[in-house]
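Participant: My file is final38.txt. It has compact mmCIF, C-alpha atoms:
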```txt
# COMPACT_ATOMS: atom_id res chain seq x y z
CA MET A 1 33.45 5.88 13.01
CA SER A 2 31.84 2.52 13.39
CA LEU A 3 28.87 3.27 15.48
CA ARG A 4 26.31 0.85 16.77
CA SER A 5 22.86 1.81 15.70
CA ARG A 6 19.61 0.69 17.09
CA ARG A 7 17.48 -0.70 14.38
CA LYS A 8 15.89 -3.47 16.40
CA SER A 9 12.73 -1.67 17.40
CA ARG A 10 12.13 -0.57 13.85
CA GLU A 11 12.60 -4.08 12.59
CA LEU A 12 10.11 -5.38 15.11
CA ASP A 13 7.55 -2.87 13.87
CA VAL A 14 8.01 -4.04 10.35
CA LYS A 15 7.51 -7.65 11.32
CA GLU A 16 4.30 -6.87 13.12
CA ASP A 17 3.03 -5.00 10.09
CA ASP A 18 3.74 -7.97 7.87
CA PHE A 19 1.94 -10.26 10.21
CA GLU A 20 -1.13 -8.04 10.31
CA GLN A 21 -1.18 -7.90 6.58
CA LYS A 22 -0.95 -11.61 6.15
CA LYS A 23 -3.78 -12.05 8.55
CA ARG A 24 -5.90 -9.58 6.69
CA SER A 25 -5.27 -10.92 3.22
CA HIS A 26 -6.03 -14.39 4.49
CA ARG A 27 -9.35 -13.25 5.86
CA ASN A 28 -10.15 -11.52 2.61
CA LYS A 29 -9.66 -14.68 0.67
CA GLU A 30 -12.08 -16.59 2.87
CA GLU A 31 -14.55 -13.79 2.56
CA LEU A 32 -14.27 -13.80 -1.21
CA GLN A 33 -15.60 -17.31 -1.40
CA VAL A 34 -18.65 -16.43 0.64
CA ILE A 35 -19.79 -13.17 -0.91
CA VAL A 36 -21.52 -13.45 -4.23
CA VAL A 37 -22.94 -10.40 -5.90
CA LEU A 38 -26.48 -10.90 -7.06
CA PRO A 39 -27.64 -9.14 -10.17
CA GLU A 40 -30.52 -6.70 -9.99
CA LEU A 41 -33.87 -8.42 -9.96
CA PRO A 42 -36.56 -6.99 -12.18
CA GLU A 43 -39.28 -5.39 -10.10
CA GLU A 44 -42.25 -7.43 -11.32
CA ASP A 45 -40.79 -10.71 -10.10
CA VAL A 46 -43.15 -13.03 -8.30
CA LEU A 47 -41.83 -14.20 -4.95
CA ILE A 48 -41.76 -17.86 -5.83
CA GLU A 49 -39.51 -17.22 -8.77
CA VAL A 50 -36.99 -15.35 -6.74
CA ASP A 51 -35.69 -18.46 -5.09
CA GLU A 52 -35.10 -20.13 -8.40
CA ILE A 53 -33.35 -17.14 -9.85
CA LEU A 54 -31.11 -16.92 -6.83
CA ARG A 55 -30.06 -20.49 -7.11
CA ASP A 56 -29.42 -20.15 -10.80
CA THR A 57 -27.24 -17.10 -10.47
CA VAL A 58 -25.24 -18.56 -7.64
CA THR A 59 -24.26 -21.66 -9.57
CA HIS A 60 -23.64 -19.59 -12.64
CA LEU A 61 -21.30 -17.23 -10.83
CA GLU A 62 -19.40 -20.05 -9.24
CA ALA A 63 -18.75 -21.57 -12.62
CA THR A 64 -17.25 -18.43 -14.14
CA PRO A 65 -15.47 -16.11 -11.73
CA LEU A 66 -15.72 -12.38 -12.37
CA PRO A 67 -13.10 -11.05 -14.75
CA GLU A 68 -11.18 -8.98 -12.23
CA ASP A 69 -8.88 -7.66 -14.89
CA GLU A 70 -11.71 -5.51 -16.16
CA VAL A 71 -12.51 -4.34 -12.69
CA ILE A 72 -9.05 -2.86 -12.40
CA GLN A 73 -9.39 -1.16 -15.77
CA MET A 74 -12.53 0.58 -14.53
CA LEU A 75 -10.64 2.80 -12.16
CA PRO A 76 -9.42 6.00 -13.78
CA GLN A 77 -5.70 6.80 -13.69
CA GLU A 78 -6.13 9.73 -11.32
CA VAL A 79 -7.58 7.40 -8.73
CA TRP A 80 -4.72 4.96 -9.09
CA SER A 81 -2.26 7.74 -8.80
CA LEU A 82 -3.89 8.82 -5.53
CA ILE A 83 -3.69 5.27 -4.27
CA PHE A 84 -0.05 4.95 -5.31
CA ARG A 85 0.79 8.07 -3.38
CA ARG A 86 -0.18 6.34 -0.19
CA LEU A 87 2.50 3.75 -0.64
CA ASN A 88 5.98 4.15 0.56
CA ILE A 89 8.56 4.62 -2.17
CA TYR A 90 10.77 1.72 -1.13
CA ASN A 91 8.44 -1.20 -1.01
CA GLY A 92 5.85 0.47 -3.16
CA LEU A 93 6.46 2.21 -6.41
CA GLN A 94 9.20 0.00 -7.77
CA CYS A 95 7.08 -3.01 -7.13
CA LEU A 96 3.98 -1.41 -8.66
CA SER A 97 5.72 -0.59 -11.90
CA GLY A 98 6.74 -4.25 -12.14
CA VAL A 99 3.12 -5.35 -12.20
CA CYS A 100 1.98 -4.36 -15.67
CA ARG A 101 2.53 -1.85 -18.43
CA SER A 102 -0.15 0.63 -17.60
CA TRP A 103 1.02 0.86 -14.01
CA ALA A 104 4.63 1.18 -15.04
CA SER A 105 3.89 4.11 -17.32
CA LEU A 106 1.59 5.62 -14.72
CA VAL A 107 4.26 5.50 -12.04
CA GLU A 108 6.87 6.82 -14.41
CA SER A 109 4.89 9.63 -15.95
CA ASP A 110 3.23 11.02 -12.86
CA GLN A 111 5.45 14.06 -12.36
CA SER A 112 3.34 15.61 -9.64
CA MET A 113 3.53 12.45 -7.59
CA TRP A 114 7.33 12.51 -7.73
CA LYS A 115 7.33 16.17 -6.87
CA ASP A 116 5.09 15.52 -3.89
CA LEU A 117 7.43 12.77 -2.78
CA SER A 118 10.39 15.11 -3.15
CA ARG A 119 8.63 17.72 -1.07
CA GLN A 120 7.74 15.19 1.59
CA HIS A 121 11.32 14.14 1.98
CA LEU A 122 13.23 17.32 1.27
CA GLY A 123 10.86 20.06 2.35
CA GLU A 124 9.46 23.14 0.64
CA LEU A 125 12.76 24.23 -0.88
CA VAL A 126 11.80 22.12 -3.88
CA ASP A 127 9.07 24.65 -4.66
CA HIS A 128 11.44 27.59 -4.62
CA MET A 129 14.15 26.37 -6.94
CA GLU A 130 15.60 28.39 -9.76
CA TRP A 131 15.72 25.43 -12.09
CA ARG A 132 13.07 22.88 -12.98
CA PRO A 133 14.31 19.32 -13.15
CA GLU A 134 13.41 17.65 -16.41
CA SER A 135 12.13 14.66 -14.55
CA TRP A 136 11.05 14.84 -10.93
CA ARG A 137 11.52 11.14 -10.80
CA SER A 138 15.24 11.24 -11.40
CA PHE A 139 15.48 14.33 -9.23
CA PHE A 140 13.95 12.36 -6.42
CA LEU A 141 15.83 9.14 -6.99
CA LYS A 142 19.16 10.95 -7.14
CA ARG A 143 18.58 12.66 -3.85
CA LYS A 144 17.15 9.56 -2.28
CA ASP A 145 18.47 6.10 -1.78
CA GLN A 146 16.80 2.95 -3.07
CA GLU A 147 18.32 0.05 -1.23
CA MET A 148 18.59 -1.21 2.31
CA SER A 149 20.89 -3.57 4.12
CA PRO A 150 21.83 -4.24 7.74
CA SER A 151 25.10 -3.01 9.21
CA CYS A 152 26.38 -0.86 12.02
CA LEU A 153 27.70 2.39 10.60
CA ILE A 154 25.91 5.59 11.44
CA GLN A 155 25.94 6.46 7.74
CA GLU A 156 23.88 3.36 7.22
CA THR A 157 21.29 4.33 9.76
CA TYR A 158 20.44 7.21 7.44
CA ARG A 159 21.34 5.55 4.17
CA ARG A 160 17.84 5.87 2.84
CA GLU A 161 18.09 9.59 3.22
CA PRO A 162 21.40 10.55 1.64
CA TRP A 163 21.29 14.11 2.91
CA LYS A 164 21.08 12.77 6.44
CA THR A 165 24.13 10.65 5.79
CA LEU A 166 26.06 13.73 4.73
CA ILE A 167 24.87 15.69 7.75
CA ALA A 168 25.56 12.78 10.10
CA VAL A 169 29.13 12.65 8.80
CA ILE A 170 29.53 16.38 9.36
CA LEU A 171 28.20 16.01 12.89
CA CYS A 172 30.21 12.94 13.83
CA GLN A 173 33.59 13.76 12.35
CA ARG A 174 36.21 13.97 15.08
CA THR A 175 34.03 12.44 17.76
CA ARG A 176 34.16 9.00 19.27
CA GLY A 177 30.83 8.29 17.68
CA GLY A 178 29.44 6.32 20.61
CA GLU A 179 25.89 6.10 21.78
CA PRO A 180 25.83 9.64 23.30
CA VAL A 181 26.87 11.11 19.93
CA GLN A 182 24.27 9.06 18.11
CA LYS A 183 21.63 10.26 20.48
CA VAL A 184 22.49 13.88 19.74
CA VAL A 185 22.31 13.20 16.00
CA ARG A 186 18.98 11.44 16.36
CA GLU A 187 17.51 14.29 18.34
CA PHE A 188 18.88 16.76 15.86
CA PHE A 189 17.14 15.05 12.94
CA LYS A 190 13.98 14.82 14.96
CA TYR A 191 13.80 18.58 15.30
CA TYR A 192 14.94 19.28 11.77
CA PRO A 193 13.42 16.46 9.71
CA THR A 194 14.19 17.86 6.24
CA PRO A 195 16.98 19.97 4.67
CA THR A 196 14.49 22.84 4.52
CA HIS A 197 14.08 22.73 8.28
CA MET A 198 17.86 22.74 8.67
CA VAL A 199 18.25 25.76 6.42
CA GLU A 200 15.49 27.68 8.13
CA GLY A 201 16.41 26.58 11.66
CA ASP A 202 17.75 29.05 14.23
CA ALA A 203 21.54 28.66 14.23
CA GLU A 204 21.86 29.51 17.92
CA VAL A 205 19.38 26.83 18.94
CA MET A 206 21.10 24.34 16.68
CA LYS A 207 24.48 25.13 18.20
CA VAL A 208 23.19 24.44 21.69
CA MET A 209 21.73 21.15 20.55
CA ILE A 210 25.04 19.80 19.30
CA LYS A 211 27.24 21.51 21.87
CA THR A 212 28.42 18.21 23.32
CA LEU A 213 29.99 17.27 19.98
CA GLY A 214 32.28 20.30 19.95
CA MET A 215 33.11 22.67 17.10
CA GLN A 216 29.44 23.61 16.91
CA GLN A 217 30.18 26.89 15.16
CA ASN A 218 31.76 25.25 12.15
CA ARG A 219 29.48 22.27 12.14
CA ILE A 220 26.27 24.30 11.98
CA LYS A 221 27.65 26.51 9.27
CA ALA A 222 28.55 23.42 7.24
CA VAL A 223 25.20 21.79 7.95
CA LYS A 224 23.21 24.77 6.74
CA ARG A 225 25.18 25.36 3.57
CA CYS A 226 25.34 21.69 2.77
CA CYS A 227 21.57 21.29 3.12
CA GLU A 228 20.85 24.28 0.95
CA GLY A 229 23.24 23.12 -1.74
CA PHE A 230 21.93 19.59 -1.53
CA VAL A 231 18.41 20.53 -2.51
CA THR A 232 18.68 23.69 -4.57
CA THR A 233 21.76 23.24 -6.73
CA GLU A 234 22.55 20.93 -9.57
CA TRP A 235 25.47 18.83 -8.40
CA GLU A 236 27.14 15.75 -9.77
CA GLU A 237 29.09 14.45 -6.79
CA ALA A 238 28.44 15.04 -3.13
CA ILE A 239 31.95 16.39 -2.64
CA GLU A 240 30.95 19.52 -4.57
CA LEU A 241 28.72 20.47 -1.67
CA PHE A 242 29.98 22.74 1.08
CA GLY A 243 31.16 20.94 4.18
CA VAL A 244 31.44 17.53 2.54
CA GLY A 245 34.95 16.14 2.75
CA GLN A 246 36.57 12.93 1.61
CA LEU A 247 34.81 10.88 4.27
CA GLY A 248 31.40 12.35 3.42
CA HIS A 249 32.07 11.83 -0.26
CA ASP A 250 33.11 8.21 0.25
CA SER A 251 30.21 7.49 2.58
CA PHE A 252 27.76 8.99 0.14
CA ARG A 253 29.08 7.01 -2.80
CA LEU A 254 29.56 3.75 -0.97
CA VAL A 255 26.72 3.58 1.52
CA CYS A 256 24.02 5.65 -0.12
CA LYS A 257 24.65 5.01 -3.79
CA ASP A 258 26.18 1.58 -3.28
CA ARG A 259 29.04 2.25 -5.62
CA LEU A 260 31.74 -0.33 -5.11
CA ASP A 261 34.17 0.77 -7.80
CA PHE A 262 36.62 2.62 -5.55
CA THR A 263 38.52 2.06 -2.34
CA PRO A 264 37.46 4.28 0.53
CA GLY A 265 40.10 5.84 2.77
CA ASP A 266 38.36 5.21 6.05
CA PRO A 267 39.01 1.71 7.53
CA CYS A 268 35.41 1.34 8.70
CA LEU A 269 34.16 2.07 5.21
CA GLN A 270 36.65 -0.46 3.86
CA ASN A 271 35.15 -3.04 6.16
CA TYR A 272 31.72 -2.07 5.03
CA LYS A 273 32.70 -2.46 1.40
CA ARG A 274 34.14 -5.91 2.04
CA TRP A 275 30.91 -6.94 3.71
CA ARG A 276 28.85 -5.47 0.92
CA LEU A 277 30.79 -7.37 -1.73
CA SER A 278 30.33 -10.60 0.15
CA THR A 279 26.55 -10.19 0.02
CA LEU A 280 26.47 -9.87 -3.75
CA PRO A 281 26.01 -12.76 -6.14
CA SER A 282 29.41 -14.09 -7.09
CA GLN A 283 29.46 -13.19 -10.80
CA THR A 284 29.82 -9.49 -10.07
CA GLN A 285 33.09 -9.87 -8.22
CA MET B 1 -34.81 24.88 2.84
CA ALA B 2 -37.81 22.71 2.22
CA SER B 3 -38.04 18.95 2.52
CA GLU B 4 -35.98 16.78 4.83
CA SER B 5 -35.45 14.03 2.31
CA ILE B 6 -34.15 14.11 -1.22
CA SER B 7 -34.83 11.65 -3.97
CA VAL B 8 -32.29 10.55 -6.50
CA THR B 9 -32.58 8.34 -9.55
CA THR B 10 -29.87 5.76 -10.02
CA SER B 11 -28.43 4.26 -13.20
CA ASP B 12 -30.86 1.34 -13.03
CA ASP B 13 -33.85 3.71 -12.88
CA GLN B 14 -34.65 3.27 -9.22
CA THR B 15 -35.68 6.21 -7.13
CA ILE B 16 -34.12 6.29 -3.70
CA GLN B 17 -34.90 8.61 -0.83
CA LEU B 18 -32.10 9.85 1.33
CA SER B 19 -32.01 12.37 4.09
CA ARG B 20 -30.70 15.85 3.40
CA LYS B 21 -27.88 15.30 5.84
CA HIS B 22 -26.59 12.29 3.97
CA ALA B 23 -27.08 13.95 0.61
CA GLN B 24 -24.98 16.87 1.71
CA MET B 25 -22.08 14.61 2.57
CA SER B 26 -21.69 14.28 -1.17
CA GLN B 27 -20.23 17.43 -2.63
CA THR B 28 -21.68 16.58 -6.02
CA ILE B 29 -25.27 16.31 -4.79
CA ASN B 30 -24.74 19.26 -2.50
CA SER B 31 -23.78 21.56 -5.32
CA MET B 32 -26.68 20.29 -7.43
CA LEU B 33 -29.01 21.15 -4.57
CA GLU B 34 -27.61 24.62 -4.29
CA ASP B 35 -28.04 25.14 -8.01
CA SER B 36 -31.67 24.18 -7.97
CA VAL B 37 -33.13 25.87 -4.91
CA GLY B 38 -36.90 26.02 -5.13
CA ALA B 39 -37.28 23.25 -7.66
CA ASP B 40 -36.49 20.55 -5.14
CA GLN B 41 -39.39 18.23 -5.97
CA GLU B 42 -37.52 16.71 -8.87
CA ALA B 43 -35.37 13.64 -8.34
CA ILE B 44 -31.67 14.15 -8.95
CA PRO B 45 -30.36 11.83 -11.65
CA LEU B 46 -27.16 9.93 -10.83
CA PRO B 47 -26.42 8.11 -14.07
CA ASN B 48 -23.08 6.75 -12.88
CA VAL B 49 -24.25 5.03 -9.70
CA SER B 50 -26.33 1.90 -9.38
CA SER B 51 -28.88 1.55 -6.60
CA GLU B 52 -26.93 -1.28 -5.02
CA VAL B 53 -23.80 0.80 -4.72
CA LEU B 54 -25.72 3.86 -3.60
CA LYS B 55 -27.20 1.85 -0.75
CA LYS B 56 -23.69 0.97 0.36
CA VAL B 57 -22.69 4.60 0.20
CA ILE B 58 -25.73 5.55 2.28
CA ASP B 59 -24.80 2.86 4.81
CA TRP B 60 -21.43 4.47 5.16
CA CYS B 61 -22.90 7.96 5.43
CA THR B 62 -25.30 6.77 8.12
CA HIS B 63 -22.45 5.41 10.17
CA HIS B 64 -20.31 8.50 9.73
CA GLU B 65 -22.97 11.20 9.78
CA ASN B 66 -21.77 12.60 13.08
CA ASP B 67 -18.07 12.61 12.27
CA PRO B 68 -16.39 15.95 12.77
CA ALA B 69 -15.34 17.71 9.61
CA PRO B 70 -11.75 16.82 8.66
CA VAL B 71 -9.34 19.13 10.44
CA GLU B 72 -6.79 21.02 8.40
CA LYS B 73 -3.33 19.60 8.82
CA VAL B 74 -1.51 21.17 11.69
CA LYS B 75 2.13 21.83 12.27
CA LYS B 76 4.72 22.04 9.55
CA LEU B 77 7.24 20.18 11.64
CA ASN B 78 5.05 17.12 12.00
CA LYS B 79 4.38 16.78 8.32
CA LYS B 80 6.56 13.81 7.84
CA ARG B 81 5.13 11.90 10.70
CA GLU B 82 1.62 12.72 9.56
CA TYR B 83 2.42 11.32 6.16
CA LYS B 84 3.28 8.05 7.79
CA ALA B 85 0.18 8.12 9.95
CA LYS B 86 -1.93 8.69 6.86
CA ASN B 87 -0.65 5.43 5.47
CA SER B 88 -1.47 3.40 8.51
CA THR B 89 -4.21 0.85 8.84
CA ILE B 90 -7.92 1.49 9.03
CA SER B 91 -8.74 2.10 12.67
CA ASP B 92 -12.53 2.01 12.77
CA GLU B 93 -13.97 -1.50 13.31
CA TRP B 94 -17.09 -0.71 11.32
CA ASP B 95 -15.00 0.55 8.43
CA LYS B 96 -12.90 -2.58 8.51
CA ASN B 97 -16.01 -4.65 8.05
CA PHE B 98 -17.24 -2.32 5.37
CA VAL B 99 -14.19 -2.72 3.19
CA ASN B 100 -14.08 -6.44 3.71
CA ALA B 101 -15.89 -7.09 0.46
CA GLU B 102 -15.28 -8.38 -3.00
CA LEU B 103 -12.91 -6.40 -5.16
CA ARG B 104 -15.62 -5.54 -7.63
CA VAL B 105 -17.78 -4.04 -4.92
CA ILE B 106 -14.82 -2.09 -3.58
CA VAL B 107 -14.06 -0.65 -6.99
CA ASP B 108 -17.72 0.23 -7.57
CA ILE B 109 -17.92 2.05 -4.27
CA LEU B 110 -14.65 3.83 -4.92
CA LEU B 111 -15.90 5.01 -8.30
CA ALA B 112 -19.18 6.13 -6.78
CA ALA B 113 -17.37 7.97 -3.99
CA ASN B 114 -15.21 9.63 -6.59
CA TYR B 115 -18.20 10.67 -8.67
CA LEU B 116 -20.30 11.77 -5.72
CA ASP B 117 -17.27 13.37 -4.10
CA VAL B 118 -17.72 11.87 -0.65
CA LYS B 119 -14.30 12.64 0.76
CA GLY B 120 -14.15 10.32 3.74
CA LEU B 121 -15.43 7.33 1.86
CA PHE B 122 -13.06 7.94 -1.01
CA GLU B 123 -10.15 8.16 1.41
CA LEU B 124 -11.21 4.96 3.11
CA MET B 125 -11.41 3.03 -0.15
CA CYS B 126 -8.06 4.34 -1.37
CA LYS B 127 -6.53 3.44 1.94
CA HIS B 128 -7.96 -0.03 1.70
CA ILE B 129 -6.59 -0.67 -1.78
CA ALA B 130 -3.24 0.81 -0.79
CA ASN B 131 -3.14 -1.57 2.15
CA GLU B 132 -3.90 -4.42 -0.19
CA LEU B 133 -0.93 -3.44 -2.34
CA LYS B 134 1.47 -2.80 0.49
CA GLY B 135 4.26 -5.24 1.11
CA LYS B 136 3.37 -7.46 -1.82
CA THR B 137 5.60 -8.55 -4.66
CA PRO B 138 4.50 -7.80 -8.23
CA ASP B 139 3.50 -11.44 -8.62
CA GLN B 140 1.31 -11.36 -5.56
CA ILE B 141 -0.33 -8.14 -6.72
CA ARG B 142 -1.07 -9.60 -10.12
CA GLU B 143 -2.62 -12.60 -8.48
CA ARG B 144 -4.69 -10.58 -6.03
CA PHE B 145 -6.03 -8.13 -8.58
CA GLY B 146 -6.10 -10.48 -11.55
CA ILE B 147 -3.81 -8.39 -13.74
CA GLN B 148 -2.15 -9.72 -16.86
CA ASP B 149 1.63 -9.58 -16.92
CA ASP B 150 2.25 -7.71 -20.17
CA LEU B 151 5.83 -6.67 -19.48
CA THR B 152 8.56 -8.15 -21.63
CA GLU B 153 11.93 -9.20 -20.27
CA GLU B 154 13.47 -6.10 -21.86
CA ASP B 155 10.98 -3.88 -20.11
CA LYS B 156 11.89 -5.46 -16.83
CA ALA B 157 15.60 -5.14 -17.44
CA ALA B 158 15.23 -1.48 -18.38
CA MET B 159 13.18 -0.91 -15.29
CA ARG B 160 15.74 -2.52 -13.04
CA LYS B 161 18.32 -0.23 -14.50
CA ALA B 162 16.19 2.88 -14.15
CA TRP B 163 15.38 2.14 -10.55
CA GLY B 164 19.03 1.85 -9.76
CA ALA B 165 19.22 -1.81 -8.96
CA THR B 166 22.80 -1.82 -7.90
CA LYS B 167 23.76 -5.44 -8.07
CA ASN B 168 24.74 -5.33 -11.73
CA ASP B 169 26.56 -2.05 -12.07
CA SER B 170 29.53 -2.39 -9.77
```
Would you write the structure of this file as structure tokens?

Facilitator:
Amino acid sequence: MSLRSRRKSRELDVKEDDFEQKKRSHRNKEELQVIVVLPELPEEDVLIEVDEILRDTVTHLEATPLPEDEVIQMLPQEVWSLIFRRLNIYNGLQCLSGVCRSWASLVESDQSMWKDLSRQHLGELVDHMEWRPESWRSFFLKRKDQEMSPSCLIQETYRREPWKTLIAVILCQRTRGGEPVQKVVREFFKYYPTPTHMVEGDAEVMKVMIKTLGMQQNRIKAVKRCCEGFVTTEWEEAIELFGVGQLGHDSFRLVCKDRLDFTPGDPCLQNYKRWRLSTLPSQTQ
Amino acid sequence: MASESISVTTSDDQTIQLSRKHAQMSQTINSMLEDSVGADQEAIPLPNVSSEVLKKVIDWCTHHENDPAPVEKVKKLNKKREYKAKNSTISDEWDKNFVNAELRVIVDILLAANYLDVKGLFELMCKHIANELKGKTPDQIRERFGIQDDLTEEDKAAMRKAWGATKNDS
């Protein structure tokens, strides 16, 4: 099932974002040189003196720039945690915890932030679980992928969302996997963006949506049970989940978790693995 | 209710008049007002805000005084997309200019907005700082915000492992 995916438009978006950001940070730097904060002037100042004081402070400030380190320390942790929540997990949190100790511990210890992230990506089922994960961070990271790389498998299109990879495999097994199939899968995820939506979705409607793929009865049953198991049960390997076969298992391990210590059965996955190895630094081979 | 303007005393002992409308955009002042109905001649003390910062906050309130109240989030289905939209850039031109200031000023305003509980302003400042952080490497962030790198090599290695950097564990 080597399926061409369309990532181009997304990539373009990313590039534009980068460009905007560069522009902005550049402007900020210029601005920084211009703006100088003046200290409060005592009220009884005579006008003539003001000019002198201004000049004095300006030269003084230029000589010793403000200690920005302290500025950062002024913000309470709750505020930082709110700011961190606005950042996307992939380019954000990992990078933030690499900045300094206090941020690293903040990112790591903020359970509610990880829970929020889990809810955003997996839906409300996370609130109705029988068991409490010890760490929401590992809960989230296990059910979510961390890395990205370009290729053309449909599993890869959804590699950042491992549950989607599993569902995509269920949906695409025994199809030609061409553009029409991909379109159906895309639409399907659009209507049911999280496992919770899949579980709660109307089976009849779902069947109609994927009718062109065939075997809709079995597929929907597998999709629903797989999604429920994915979020609400404690599993070690994806193959323990209902509806996940050897291909799903291999795809999950190889594409989502980037495990290269086994040989997949599917030829397309074998190709993928070969490519993946070639991108790694040589000492690991 | 009595007077149209309210006076507050800032941390540097200045008394500033602001209109009731602007004062009520701050939840903190608003609740103080409700607590002290009748005795509204007295200036409200704001020991955590300097006059300079308060003026900035009032500037912002003046510009946004006619904004509609924030609408409750709508459909469940769109949640994910909304999350992304929430992250996106600052759309208002005036706001863009407003946040284009020195880091110290930004932090002061953010703290004031937090203390005064001015929702929109707080959101704006958070968004701005988040945008500053976005897409930067740790080194760039340290440089931009002047943060000391106090992580040891072991810390970094442990972190790489915890985050599931996959290049070393094949």

Participant: Please determine the contact residues of chain B with respect to chain A at a cut-off of 6 Å, counting only C-alpha atoms, and supply them as an MDAnalysis selection string.

Facilitator: chainID B and resid 87 102 126 130 138 146:147 149:151 170

Participant: Measure the distance from CA of Lys207 in chain A to CA of Lys164 in chain A in Å and round it to one decimal.

Facilitator: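 Computing the Euclidean distance for CA of Lys207 in chain A and CA of Lys164 in chain A yields 17.4 Å.
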
Participant: As an MDAnalysis selection string, please: the residues near range 236-253 of chain A (cut-off 7 Å, all atoms listed in the file, same-chain neighbours under 3 positions excluded).

Facilitator: chainID A and resid 155 162 165:166 169 222 225:226 229:230 256:259 264 266

Participant: Fewer than 2 positions away in the same chain doesn't count, so skip those; otherwise give me all residues within 8 Å of Thr196 in chain A, counting all atoms listed in the file, as a list of chain:residue names.

Facilitator: A:Leu122, A:Gly123, A:Glu124, A:Leu125, A:Thr194, A:Met198, A:Val199, A:Glu200, A:Cys227, A:Glu228

Participant: If we count only C-alpha atoms and set the cut-off at 10 Å, which residues sit around range 16-28 of chain B, ignoring sequence neighbours fewer than 6 positions away in its own chain? Please answer as a ChimeraX atom specification.

Facilitator: /B:1-10,43-44,46,51,54-55,57-62,64-66,113-121

Participant: Would you place a box with edges along x, y and z of the file around all atoms of range 3-20 of chain B listed there, add 4 Å to each of its six sides, and report the centre and edge lengths in Å to one decimal, as AutoDock Vina command-line options?

Facilitator:
```
--center_x -33.2 --center_y 10.1 --center_z -4.2 --size_x 17.6 --size_y 25.6 --size_z 26.0
```

Participant: Rounded to one decimal in Å, what is the spacing between CA of Ser112 in chain A and CA of Ile106 in chain B?

Facilitator: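 The value is 26.1 Å.
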
Participant: Quote the spacing between CA of Trp136 in chain A and CA of Ser109 in chain A in Å to one decimal place.

Facilitator: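 Between these atoms lies a distance of 9.5 Å.
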
Participant: Select, from B:Lys134, B:Ser36, B:Val99, B:Arg142, the residue with the minimum atom-to-atom distance to Phe122 in chain B, counting all atoms listed in the file.

Facilitator: B:Val99

Participant: Using only C-alpha atoms, find the one residue out of A:Trp235, A:Trp275, A:Phe189, A:Phe139 that sits nearest to Leu171 in chain A.

Facilitator: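 Using only C-alpha atoms, the shortest distance to Leu171 in chain A belongs to A:Phe189.
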
Participant: Would you save range 12-44 of chain B to a file, keeping C-alpha atoms, as a compact mmCIF listing (two decimals), in the first residue's frame?

Facilitator:
```
# COMPACT_ATOMS: atom_id res chain seq x y z
CA ASP B 12 4.59 54.74 42.62
CA ASP B 13 1.94 56.72 44.53
CA GLN B 14 0.34 58.40 41.57
CA THR B 15 -3.38 58.82 41.39
CA ILE B 16 -4.87 58.11 38.00
CA GLN B 17 -8.41 58.68 36.83
CA LEU B 18 -10.00 56.18 34.54
CA SER B 19 -13.49 55.85 33.24
CA ARG B 20 -15.84 53.34 34.81
CA LYS B 21 -16.05 51.47 31.54
CA HIS B 22 -12.34 50.88 31.40
CA ALA B 23 -12.15 50.04 35.08
CA GLN B 24 -14.77 47.39 34.63
CA MET B 25 -12.74 45.67 31.95
CA SER B 26 -10.52 44.61 34.81
CA GLN B 27 -12.18 41.89 36.83
CA THR B 28 -10.04 42.76 39.83
CA ILE B 29 -11.12 46.41 39.95
CA ASN B 30 -14.65 45.44 39.07
CA SER B 31 -15.01 43.17 42.05
CA MET B 32 -13.43 45.78 44.32
CA LEU B 33 -16.03 48.26 43.09
CA GLU B 34 -18.84 45.88 43.81
CA ASP B 35 -17.51 45.28 47.29
CA SER B 36 -17.41 48.94 48.14
CA VAL B 37 -20.64 50.38 46.79
CA GLY B 38 -21.38 53.74 48.37
CA ALA B 39 -17.84 54.46 49.47
CA ASP B 40 -16.66 55.20 45.96
CA GLN B 41 -14.83 58.45 46.71
CA GLU B 42 -11.75 56.61 47.86
CA ALA B 43 -9.01 55.78 45.39
CA ILE B 44 -8.43 52.08 44.80
```
